[in-house]
Amino acid sequence: MSYCVNCGVELDASARSCPLCGTPVVNPRCPVDENATPPFPLVRREVEPVDRRSVGWLLTGMLASAAVCCGLINGLAFFPSVPWALYVAGAALTLWVWAALPLLVQRLPVPVYLLADLAAAAGLLVLIAALTDGWGWLTRLALPILVLTGALGAVLGALIARHGSRLTIGGVFFLLLIVWLLALEALIDLYIAGTYRPGWSVIAAAAGLVAAVFLLIVRLRPRLREEFRRRFHT
């Protein structure tokens with residue numbers, strides 16, 4: 001057993017120099033074992049990139065198999081009078097649009113993916129509403145929340161696409177989150193009680209406003225920005 005005379009790290013029997021500091025190994029009582037297997041690769045190699053299309057086709061096969069199997073089970077054996085397999089098929093299609101489509105169809109503009117995600121989510125909600133006769137909650141609650149989320153997400157995505165600073169993106173994110181929370185409580189109150197009574201969203205919005213103002217002030221003050229970067233990037 002050898003130890004580095006410079007930094008004291010334990011050395012492998014095949015080591016000719018310290019892997020940490022590079023000091024040559026000189027130990028007459030424990031010579032270097034030429035036949036020992038090195039504990040780490042001696043040749044640097046690049047990791048092969050993942051084939052995104054293959055992953056996309058794998059996800060497609062998994063989701064399609066789940067939908068088909070549930071459809072066969074539903075139709076032949078398990079509660080054939082209740083079309084529960086349609087829920088599985090709708091969820092599988094939505095997940096396919098969200099996860100597999102960007103892998104199979106690449107280099108599309110971000111707004112296209114966002115519109116596809118919103119359309120898939122809206123389609124799933126429409127399917128659930130059709131199967132449960134829930135058109136009221138769909139039109140008055142679910143779809144407005146979905147449209148609001150998509151619009152705010154588009155604003156944030158456009159800011160990220162312009163390569164804005166992290167501080168600006170963080171501040172705008174909290175501002176958009178405030179709008180989303182206030183609108184969410186308003187929609188829920190109007191759907192359930194028919195009147196808007198601000199409550200939990202105002203408390204959450206106050207906390208988000210503090211965070212947003214802090215990040216934007218740091219962004220606009222060079223000294224604070226440099227101190228923020230020094231503390232959180234070192």
# chains A, B, ... in the order shown; residues from 1 in each chain; ligands from 1
call {"tool": "residues_around", "arguments": {"residues": "Cys69 of chain A", "least_positions_apart": "3", "cutoff": "12 Å", "atoms": "only C-alpha atoms", "output": "list in words"}}
result
Gly61, Met62, Leu63, Ala64, Ser65, Ala66, Leu72, Ile73, Asn74, Gly75, Leu76, Ala77, Phe78, Ala85, Leu86, Val88, Ala89 and Ala92 of chain A
call {"tool": "residues_around", "arguments": {"residues": "Tyr191 of chain A", "least_positions_apart": "4", "cutoff": "10 Å", "atoms": "only C-alpha atoms", "output": "ChimeraX atom specification"}}
result
/A:136-137,140-141,185-187,195-196
call {"tool": "write_last_selection", "arguments": {"atoms": "N, CA, C and O atoms", "output": "compact mmCIF listing (two decimals), in the first residue's frame"}}
result
# COMPACT_ATOMS: atom_id res chain seq x y z
N GLY A 136 -70.34 21.84 -17.88
CA GLY A 136 -70.34 23.06 -17.06
C GLY A 136 -68.96 23.38 -16.51
O GLY A 136 -68.44 24.49 -16.70
N TRP A 137 -68.35 22.42 -15.81
CA TRP A 137 -67.02 22.68 -15.26
C TRP A 137 -65.96 22.84 -16.35
O TRP A 137 -64.96 23.52 -16.17
N ARG A 140 -66.58 26.58 -17.83
CA ARG A 140 -66.50 27.66 -16.83
C ARG A 140 -65.25 27.61 -15.97
O ARG A 140 -64.89 28.61 -15.35
N LEU A 141 -64.59 26.45 -15.92
CA LEU A 141 -63.44 26.33 -15.02
C LEU A 141 -62.20 25.78 -15.72
O LEU A 141 -61.15 26.42 -15.74
N GLU A 185 -57.89 31.52 -8.17
CA GLU A 185 -58.87 31.60 -7.08
C GLU A 185 -60.14 32.28 -7.54
O GLU A 185 -61.25 31.89 -7.14
N ALA A 186 -60.01 33.29 -8.41
CA ALA A 186 -61.21 33.97 -8.92
C ALA A 186 -62.08 33.01 -9.72
O ALA A 186 -63.31 32.97 -9.56
N LEU A 187 -61.48 32.22 -10.58
CA LEU A 187 -62.25 31.27 -11.38
C LEU A 187 -62.92 30.21 -10.51
O LEU A 187 -64.07 29.84 -10.74
N THR A 195 -69.33 34.28 -6.76
CA THR A 195 -68.76 35.57 -6.35
C THR A 195 -67.29 35.39 -6.01
O THR A 195 -66.87 34.30 -5.58
N TYR A 196 -66.52 36.44 -6.19
CA TYR A 196 -65.09 36.38 -5.95
C TYR A 196 -64.77 36.93 -4.57
O TYR A 196 -65.07 38.08 -4.27
call {"tool": "residues_around", "arguments": {"residues": "Val9 of chain A", "least_positions_apart": "4", "cutoff": "9 Å", "atoms": "only C-alpha atoms", "output": "number ranges by chain"}}
result
A: 2-5, 18-20
call {"tool": "write_last_selection", "arguments": {"atoms": "all heavy atoms", "output": "CSV table (one decimal), in the first residue's frame"}}
result
chain,number,residue,atom,x,y,z
A,2,SER,N,0.7,2.1,-1.0
A,2,SER,CA,1.4,3.4,-1.1
A,2,SER,C,0.5,4.6,-0.8
A,2,SER,O,-0.7,4.5,-1.1
A,2,SER,CB,2.1,3.5,-2.4
A,2,SER,OG,3.0,2.4,-2.7
A,3,TYR,N,1.2,5.6,-0.4
A,3,TYR,CA,0.5,6.9,-0.1
A,3,TYR,C,1.3,8.0,-0.8
A,3,TYR,O,2.5,8.0,-0.8
A,3,TYR,CB,0.3,7.2,1.3
A,3,TYR,CG,-0.6,6.2,2.0
A,3,TYR,CD1,-0.1,5.0,2.6
A,3,TYR,CD2,-2.0,6.4,2.1
A,3,TYR,CE1,-1.0,4.1,3.2
A,3,TYR,CE2,-2.8,5.5,2.8
A,3,TYR,CZ,-2.3,4.4,3.3
A,3,TYR,OH,-3.1,3.5,3.9
A,4,CYS,N,0.6,9.0,-1.3
A,4,CYS,CA,1.3,10.1,-1.9
A,4,CYS,C,2.1,10.9,-0.9
A,4,CYS,O,1.6,11.3,0.2
A,4,CYS,CB,0.3,11.0,-2.6
A,4,CYS,SG,1.0,12.5,-3.4
A,5,VAL,N,3.4,11.2,-1.2
A,5,VAL,CA,4.2,11.9,-0.2
A,5,VAL,C,3.9,13.4,-0.2
A,5,VAL,O,4.3,14.1,0.7
A,5,VAL,CB,5.7,11.8,-0.6
A,5,VAL,CG1,6.1,10.3,-0.5
A,5,VAL,CG2,6.0,12.3,-2.0
A,18,CYS,N,0.4,10.3,-8.5
A,18,CYS,CA,-0.8,10.6,-7.8
A,18,CYS,C,-1.9,11.1,-8.7
A,18,CYS,O,-1.6,12.1,-9.5
A,18,CYS,CB,-0.5,11.6,-6.7
A,18,CYS,SG,-1.9,12.1,-5.7
A,19,PRO,N,-3.1,10.6,-8.6
A,19,PRO,CA,-4.1,11.0,-9.5
A,19,PRO,C,-4.6,12.4,-9.1
A,19,PRO,O,-5.3,13.1,-10.0
A,19,PRO,CB,-5.2,10.0,-9.4
A,19,PRO,CG,-5.0,9.4,-8.0
A,19,PRO,CD,-3.5,9.4,-7.8
A,20,LEU,N,-4.3,12.9,-7.9
A,20,LEU,CA,-4.8,14.2,-7.5
A,20,LEU,C,-3.8,15.3,-7.8
A,20,LEU,O,-4.2,16.4,-8.4
A,20,LEU,CB,-5.1,14.2,-6.0
A,20,LEU,CG,-6.3,13.3,-5.6
A,20,LEU,CD1,-6.5,13.5,-4.1
A,20,LEU,CD2,-7.6,13.7,-6.3
call {"tool": "residues_around", "arguments": {"residues": "segment 207-219 of chain A", "least_positions_apart": "2", "cutoff": "7 Å", "atoms": "only C-alpha atoms", "output": "NGL selection string"}}
result
:A and (167-168 or 170-172 or 174-175 or 178 or 203-205 or 221 or 224-225)
call {"tool": "write_last_selection", "arguments": {"atoms": "all heavy atoms", "output": "mmCIF file, in the first residue's frame"}}
result
data_model
loop_
_atom_site.group_PDB
_atom_site.id
_atom_site.type_symbol
_atom_site.label_atom_id
_atom_site.label_comp_id
_atom_site.auth_asym_id
_atom_site.auth_seq_id
_atom_site.Cartn_x
_atom_site.Cartn_y
_atom_site.Cartn_z
ATOM 1 N N LEU A 167 -31.957 36.461 -13.590
ATOM 2 C CA LEU A 167 -32.644 37.307 -12.611
ATOM 3 C C LEU A 167 -33.930 37.877 -13.210
ATOM 4 O O LEU A 167 -34.971 37.905 -12.546
ATOM 5 C CB LEU A 167 -31.712 38.429 -12.162
ATOM 6 C CG LEU A 167 -30.492 37.993 -11.353
ATOM 7 C CD1 LEU A 167 -29.560 39.172 -11.111
ATOM 8 C CD2 LEU A 167 -30.911 37.377 -10.026
ATOM 9 N N THR A 168 -33.858 38.326 -14.462
ATOM 10 C CA THR A 168 -35.058 38.856 -15.119
ATOM 11 C C THR A 168 -36.105 37.767 -15.298
ATOM 12 O O THR A 168 -37.296 37.983 -15.024
ATOM 13 C CB THR A 168 -34.692 39.455 -16.486
ATOM 14 O OG1 THR A 168 -33.719 40.478 -16.304
ATOM 15 C CG2 THR A 168 -35.929 40.042 -17.157
ATOM 16 N N GLY A 170 -36.424 35.058 -13.533
ATOM 17 C CA GLY A 170 -36.971 34.717 -12.227
ATOM 18 C C GLY A 170 -37.980 35.737 -11.743
ATOM 19 O O GLY A 170 -39.045 35.383 -11.222
ATOM 20 N N GLY A 171 -37.662 37.028 -11.915
ATOM 21 C CA GLY A 171 -38.607 38.065 -11.491
ATOM 22 C C GLY A 171 -39.907 38.017 -12.263
ATOM 23 O O GLY A 171 -41.004 38.116 -11.692
ATOM 24 N N VAL A 172 -39.815 37.860 -13.593
ATOM 25 C CA VAL A 172 -41.031 37.780 -14.417
ATOM 26 C C VAL A 172 -41.814 36.520 -14.081
ATOM 27 O O VAL A 172 -43.057 36.528 -14.077
ATOM 28 C CB VAL A 172 -40.655 37.816 -15.908
ATOM 29 C CG1 VAL A 172 -41.879 37.566 -16.779
ATOM 30 C CG2 VAL A 172 -40.031 39.155 -16.263
ATOM 31 N N PHE A 174 -42.154 35.053 -11.177
ATOM 32 C CA PHE A 174 -42.946 35.284 -9.968
ATOM 33 C C PHE A 174 -44.113 36.235 -10.240
ATOM 34 O O PHE A 174 -45.205 36.052 -9.681
ATOM 35 C CB PHE A 174 -42.054 35.840 -8.854
ATOM 36 C CG PHE A 174 -41.250 34.785 -8.147
ATOM 37 C CD1 PHE A 174 -39.890 34.689 -8.336
ATOM 38 C CD2 PHE A 174 -41.873 33.889 -7.291
ATOM 39 C CE1 PHE A 174 -39.152 33.709 -7.693
ATOM 40 C CE2 PHE A 174 -41.143 32.901 -6.639
ATOM 41 C CZ PHE A 174 -39.774 32.814 -6.840
ATOM 42 N N LEU A 175 -43.909 37.215 -11.106
ATOM 43 C CA LEU A 175 -45.019 38.112 -11.449
ATOM 44 C C LEU A 175 -46.127 37.351 -12.185
ATOM 45 O O LEU A 175 -47.322 37.544 -11.897
ATOM 46 C CB LEU A 175 -44.507 39.271 -12.308
ATOM 47 C CG LEU A 175 -43.573 40.273 -11.616
ATOM 48 C CD1 LEU A 175 -43.088 41.309 -12.617
ATOM 49 C CD2 LEU A 175 -44.278 40.951 -10.443
ATOM 50 N N ILE A 178 -48.024 35.217 -9.767
ATOM 51 C CA ILE A 178 -49.002 36.000 -8.998
ATOM 52 C C ILE A 178 -50.301 36.140 -9.781
ATOM 53 O O ILE A 178 -51.403 35.941 -9.253
ATOM 54 C CB ILE A 178 -48.406 37.383 -8.659
ATOM 55 C CG1 ILE A 178 -47.263 37.235 -7.648
ATOM 56 C CG2 ILE A 178 -49.480 38.314 -8.110
ATOM 57 C CD1 ILE A 178 -46.493 38.513 -7.423
ATOM 58 N N ILE A 203 -52.415 36.063 -0.144
ATOM 59 C CA ILE A 203 -51.258 35.776 0.716
ATOM 60 C C ILE A 203 -50.102 35.232 -0.124
ATOM 61 O O ILE A 203 -48.943 35.655 0.013
ATOM 62 C CB ILE A 203 -51.646 34.782 1.813
ATOM 63 C CG1 ILE A 203 -52.775 35.364 2.676
ATOM 64 C CG2 ILE A 203 -50.446 34.421 2.680
ATOM 65 C CD1 ILE A 203 -53.317 34.400 3.699
ATOM 66 N N ALA A 204 -50.417 34.277 -1.002
ATOM 67 C CA ALA A 204 -49.379 33.722 -1.864
ATOM 68 C C ALA A 204 -48.824 34.781 -2.810
ATOM 69 O O ALA A 204 -47.615 34.811 -3.090
ATOM 70 C CB ALA A 204 -49.930 32.538 -2.645
ATOM 71 N N ALA A 205 -49.691 35.657 -3.304
ATOM 72 C CA ALA A 205 -49.239 36.711 -4.215
ATOM 73 C C ALA A 205 -48.317 37.694 -3.506
ATOM 74 O O ALA A 205 -47.360 38.194 -4.112
ATOM 75 C CB ALA A 205 -50.444 37.437 -4.802
ATOM 76 N N ARG A 221 -29.459 46.679 -10.238
ATOM 77 C CA ARG A 221 -28.332 47.271 -9.522
ATOM 78 C C ARG A 221 -27.073 46.450 -9.769
ATOM 79 O O ARG A 221 -26.976 45.307 -9.321
ATOM 80 C CB ARG A 221 -28.636 47.321 -8.015
ATOM 81 C CG ARG A 221 -29.855 48.158 -7.659
ATOM 82 C CD ARG A 221 -29.636 49.633 -8.028
ATOM 83 N NE ARG A 221 -28.540 50.227 -7.287
ATOM 84 C CZ ARG A 221 -28.694 50.810 -6.095
ATOM 85 N NH1 ARG A 221 -29.888 50.854 -5.515
ATOM 86 N NH2 ARG A 221 -27.647 51.327 -5.492
ATOM 87 N N LEU A 224 -25.290 44.866 -6.617
ATOM 88 C CA LEU A 224 -26.051 43.762 -6.036
ATOM 89 C C LEU A 224 -26.018 42.547 -6.950
ATOM 90 O O LEU A 224 -25.965 41.408 -6.478
ATOM 91 C CB LEU A 224 -27.494 44.211 -5.788
ATOM 92 C CG LEU A 224 -27.703 45.276 -4.719
ATOM 93 C CD1 LEU A 224 -29.173 45.664 -4.657
ATOM 94 C CD2 LEU A 224 -27.228 44.778 -3.360
ATOM 95 N N ARG A 225 -26.044 42.778 -8.262
ATOM 96 C CA ARG A 225 -26.025 41.661 -9.201
ATOM 97 C C ARG A 225 -24.709 40.887 -9.124
ATOM 98 O O ARG A 225 -24.691 39.655 -9.124
ATOM 99 C CB ARG A 225 -26.253 42.186 -10.622
ATOM 100 C CG ARG A 225 -26.345 41.082 -11.669
ATOM 101 C CD ARG A 225 -26.855 41.597 -12.982
ATOM 102 N NE ARG A 225 -25.949 42.534 -13.620
ATOM 103 C CZ ARG A 225 -26.178 43.835 -13.745
ATOM 104 N NH1 ARG A 225 -27.307 44.357 -13.279
ATOM 105 N NH2 ARG A 225 -25.318 44.635 -14.341
#
call {"tool": "closest_residue", "arguments": {"among": "A:Leu59, A:Ile192, A:Leu131, A:Val126", "to": "Trp98 of chain A", "atoms": "only C-alpha atoms"}}
result
A:Leu59
call {"tool": "select_by_dssp", "arguments": {"residues": "segment 77-183 of chain A", "states": "alpha helix (DSSP H)", "output": "PyMOL selection string"}}
result
chain A and resi 85-95+101-104+110-132+135-137+143-161+166-183
call {"tool": "closest_atom_pairs", "arguments": {"of": "segment 128-149 of chain A", "to": "segment 100-115 of chain A", "cutoff": "12 Å", "atoms": "only C-alpha atoms", "output": "tab-separated table"}}
result
residue	atom	partner	partner_atom	distance
A:Leu146	CA	A:Leu115	CA	11.3
A:Val147	CA	A:Leu115	CA	10.3
A:Thr149	CA	A:Leu114	CA	10.7
call {"tool": "write_last_selection", "arguments": {"atoms": "N, CA and C atoms", "output": "mmCIF file, in the first residue's frame"}}
result
data_model
loop_
_atom_site.group_PDB
_atom_site.id
_atom_site.type_symbol
_atom_site.label_atom_id
_atom_site.label_comp_id
_atom_site.auth_asym_id
_atom_site.auth_seq_id
_atom_site.Cartn_x
_atom_site.Cartn_y
_atom_site.Cartn_z
ATOM 1 N N LEU A 146 -56.869 26.493 -18.373
ATOM 2 C CA LEU A 146 -55.915 26.004 -19.371
ATOM 3 C C LEU A 146 -55.457 27.131 -20.284
ATOM 4 N N VAL A 147 -56.368 27.964 -20.751
ATOM 5 C CA VAL A 147 -56.007 29.080 -21.627
ATOM 6 C C VAL A 147 -55.119 30.076 -20.884
ATOM 7 N N THR A 149 -53.137 29.462 -18.329
ATOM 8 C CA THR A 149 -51.820 28.846 -18.143
ATOM 9 C C THR A 149 -51.006 28.890 -19.429
#
call {"tool": "residues_around", "arguments": {"residues": "Leu176 of chain A", "least_positions_apart": "3", "cutoff": "9 Å", "atoms": "only C-alpha atoms", "output": "list in words"}}
result
Leu152, Gly153, Val155, Leu156, Gly171, Val172, Phe173, Val179, Trp180 and Leu181 of chain A
call {"tool": "atom_distance", "arguments": {"atom1": "atom CA of Phe79 of chain A", "atom2": "atom CA of Ile128 of chain A"}}
result
17.8 Å
call {"tool": "select_by_dssp", "arguments": {"residues": "segment 1-231 of chain A", "states": "strand (DSSP E)", "output": "list in words"}}
result
Ser2, Tyr3, Glu10 and Leu11 of chain A
call {"tool": "write_last_selection", "arguments": {"atoms": "N, CA and C atoms", "output": "PDB file, in the first residue's frame"}}
result
ATOM      1  N   SER A   2       0.668   2.141  -0.959  1.00  0.00           N
ATOM      2  CA  SER A   2       1.441   3.373  -1.062  1.00  0.00           C
ATOM      3  C   SER A   2       0.545   4.576  -0.823  1.00  0.00           C
ATOM      4  N   TYR A   3       1.171   5.646  -0.355  1.00  0.00           N
ATOM      5  CA  TYR A   3       0.476   6.909  -0.137  1.00  0.00           C
ATOM      6  C   TYR A   3       1.302   8.017  -0.783  1.00  0.00           C
ATOM      7  N   GLU A  10      -4.346   7.780  -0.697  1.00  0.00           N
ATOM      8  CA  GLU A  10      -4.007   6.371  -0.906  1.00  0.00           C
ATOM      9  C   GLU A  10      -3.903   6.085  -2.399  1.00  0.00           C
ATOM     10  N   LEU A  11      -2.856   5.354  -2.797  1.00  0.00           N
ATOM     11  CA  LEU A  11      -2.582   5.102  -4.197  1.00  0.00           C
ATOM     12  C   LEU A  11      -2.892   3.657  -4.556  1.00  0.00           C
TER      13      LEU A  11
END
